Amino acid sequence: MFRCNVIQGLRIWKSYKFSAVSVVLKRKPQASRLLFTMVDSQYYLPNDIGISALDCTEAFRLLSPREQLYAHYLSRSAWYGGLAVLLQTSPESASIFVLLQRLFRKQPPAQLGNVATAAGLSPEEYQAFLVYAAGLYANMGNYKSFGDTKFIPNLPKENLKALVWQSQAFQDSPSEMEALWDSCSTLLFSLEDKQKQLGLGDKGITTYFSGNCCLEDAELAQRFLDSKNLSAYNTRLFKKKSEGKASYEVRLASAVQKDCAVDGEGETSCGRYNFEDCVFTVSRGDYDHLMKKVSENLEKAKDHAANENQKRMLEGYSRSFTFGSVEAHKEGSRFWIKDKGPIVESYIGFIESYRDPFGSRGEFEGFVAVVNKAMSERFAKLVSSAEVLLPELPWPKDFEKDRFLLPDFTSLDVLTFAGSGIPAGINIPNYDDIRQSEGFKNVSLGNVLAVACATQKDKLTFLDEDDKDVYIKWKGPSFEVQVGLHELLGHGSGKLFVQDEEGTFNFEQDNVRNPETGEKITTWYKGNETWDSKFSTISCSYEECRAECVGLYLCLNKHVLSIFGHEGQDAEEVVYVNWLNMVRAGLLGLEFYTSESKSWRQAHMQARFVILRVLLEAGEGLVTLKESTGKDGRPDALITLDRSKIHTVGKGAIESFLCKLQVLKSTADVEGGRALYERYSAVSDGGSHNFLCLRETVLQRKEARKMFVQANTRVKGDSVELVEYEGSAAGLICSFTERFADDAEEVEAHLLELNKRDAPCWF
């Protein structure tokens, strides 16, 4: 293994910029120096990174004036709330954001470029700075939203400082800019081991927990929250000592700080509690200024709502962000589910728990999008076929929901997506109790898919030349099928066995049998336990794996393929590329594995690696993975899929594995689920494939994830103007500086105030 590292490091030495190497020269001995250089490219965004504008011009134009105003105020709410992600990501992200905003508000990228030249920066260095700034805006922090790896500017620190010092922002406010630089510049460039990735305790950086928290603290806090019937979604945890006892503050995100009851909740949850020889305090007021902005704009949007469901939805959301009530957000979500087929679709809140190291706390996100009617017709047909397709899944009917509540499933063109990244599809809400008994919605983000599926042949790695041509032609159609199945019948399927607080079971305890063992069911969810709280650290990736497997399994169904307009040989090409894309993604997933801590940094990519392992284990030549040497003389790999065995060997392997995943999930068998999932997630240099060595090959040949430039909306008189930007780093930067133009100083001051409030908690 070590020899492999050194050889690969030697081969790629010349491909690294001097700025990367200069950090490395301090390390000894020589072998370690080479390995560090190789890995170091993870922490820079390349100057030629793909940046594309999300096109929503036509979709927005077709909206009525009322719908445009509705979309505008929802977008404003989302953008303000999205700033909370800076505070959820790292101690320095908010300060870096403000530094960049002040630089570019005074001088847009073209003007600042002249200053950079005068300050002695080369064109490549200034471009590297623009790419870094664009990356921070796109990820809402200095850690990649997809992979949780830190990224730093690819230029010397002293050169960036020279640029800041000669900028107009510095000339106008030298003491403020110097203080801002001093507050974040060290962490901005730091690549100490713990700071290279997000994680809990000694595994990385997180601001969901104070710096003195570890896994045991997270587990204790979850037990406390369960005992009080409180959700972790909108909370952060801060630990300190009080009167000789461990003391914890559970802080709720809310505009209001005072202890007051929320309508419909009865007594407030805020207060001081003794629990397991510790003291817990539940308080309000996290991100208070931002949550106030969110609620104010939701109230404005309500004036332009199309129906009563939308009004009631927005009322629930507004109460949630005002008082920190997840129950109010659930109530709003219930009305959102009832709002069938809206022209303007949206959702907002603390939603996905991927980046909480414990897997329970939600990152803020908000989206606003316009329905693509033609594409939505296909998804509507898939929904109408769901009750026929669900019995095709490889688990007994007792493990499926008692009643499938037909959801909305629409294709949308994104106008606004505020948060750390933009997915291709979404299945929400994430509340288990609502999903199981009241329903959910699915959305596919059409203009995101269009950009994400655009592939250049010379950048396609690890496939043979013939496969590349087929892949490029059919990736878009196959991915559309996979997203549809993944969201609707993946996340939308499967039953959780629950015993409620009154002791009532939602399954026949004496009759239901485990199909894997033939035994009666002996484990289930109790009281306030949820999927996230029970399976915690593996819950996100495990569920993504289950949904991906459903997509692979059901895409073999001819009826499904016909719904999307694929028949005959075309249908077979869609199946082949869908499976080929999955096994290739499993190999690419190694980029998101950290060998030092033996941990995964991205839920979806871990899931795809697990699927690759399952299909390799199936044998019979279904999937082959070989190390090789590329035409450039560097280590390479080739992955192939025998299309003649997909419907036999492949289907059988996914069928067996998928049934295991569902049974373990349904029965709340954490021990069995963790053992199964961690076995397939393991990355080692043993066995038939040296995955640790392959990981380094993947790192050498990785392509940076694309970034998206989004439009702004602006009210002019009685109408709303759509302001669009070019697909470049400069365009992305300008979109953000203009996004908060009306109250920039106020927003920046609040961000710095919120950041300063908690600064002592992180180190």
# chains A, B, ... in the order shown; residues from 1 in each chain; ligands from 1
$ closest_atom_pairs --of "region 398-464 of chain A" --to "region 535-557 of chain A" --cutoff "12 Å" --atoms "only C-alpha atoms" --output "Markdown table"
| residue | atom | partner | partner_atom | distance |
| --- | --- | --- | --- | --- |
| A:Ile426 | CA | A:Glu544 | CA | 11.5 |
| A:Asn427 | CA | A:Ala547 | CA | 10.6 |
| A:Asn430 | CA | A:Cys540 | CA | 11.0 |
$ select_by_dssp --residues "region 34-240 of chain A" --states "strand (DSSP E)" --output "list in words"
Ile51, Ser52, Ala53, Thr235, Arg236, Leu237, Phe238, Lys239 and Lys240 of chain A
$ closest_residue --among "A:Leu54, A:Gly673, A:Lys293, A:Val481" --to "Ser562 (chain A)" --atoms "only C-alpha atoms"
A:Val481
$ residues_around --residues "Ser376 (chain A)" --least-positions-apart "4" --cutoff "8 Å" --atoms "only C-alpha atoms" --output "tab-separated table (two decimals) with N, CA and C atoms, in the first residue's frame"
chain	number	residue	atom	x	y	z
A	371	VAL	N	-43.28	24.95	-12.20
A	371	VAL	CA	-43.59	23.63	-12.76
A	371	VAL	C	-43.33	23.58	-14.26
A	372	ASN	N	-42.63	22.52	-14.67
A	372	ASN	CA	-42.46	22.19	-16.09
A	372	ASN	C	-43.56	21.18	-16.43
A	380	ALA	N	-46.32	12.15	-13.29
A	380	ALA	CA	-47.70	11.87	-12.87
A	380	ALA	C	-48.10	10.45	-13.25
A	409	PHE	N	-45.89	14.66	-7.80
A	409	PHE	CA	-44.54	14.46	-8.33
A	409	PHE	C	-44.41	15.33	-9.56
A	410	THR	N	-43.65	16.41	-9.45
A	410	THR	CA	-43.55	17.38	-10.53
A	410	THR	C	-42.11	17.62	-10.92
A	411	SER	N	-41.94	18.00	-12.18
A	411	SER	CA	-40.64	18.47	-12.65
A	411	SER	C	-40.65	19.99	-12.58
A	412	LEU	N	-39.61	20.53	-11.98
A	412	LEU	CA	-39.56	21.97	-11.71
A	412	LEU	C	-38.32	22.60	-12.32
$ closest_residue --among "A:Thr697, A:Glu753, A:Glu92, A:Val414" --to "Thr629 (chain A)" --atoms "only C-alpha atoms"
A:Thr697
$ closest_atom_pairs --of "region 113-170 of chain A" --to "region 68-91 of chain A" --cutoff "8 Å" --atoms "only C-alpha atoms" --output "JSON lines"
{"residue": "A:Met140", "atom": "CA", "partner": "A:Leu86", "partner_atom": "CA", "distance": 5.5}
{"residue": "A:Gly141", "atom": "CA", "partner": "A:Leu86", "partner_atom": "CA", "distance": 5.2}
{"residue": "A:Asn142", "atom": "CA", "partner": "A:Ser90", "partner_atom": "CA", "distance": 7.5}
{"residue": "A:Tyr143", "atom": "CA", "partner": "A:Thr89", "partner_atom": "CA", "distance": 7.2}
$ atom_distance --atom1 "CA of Leu393 (chain A)" --atom2 "CA of Ser353 (chain A)"
26.6 Å
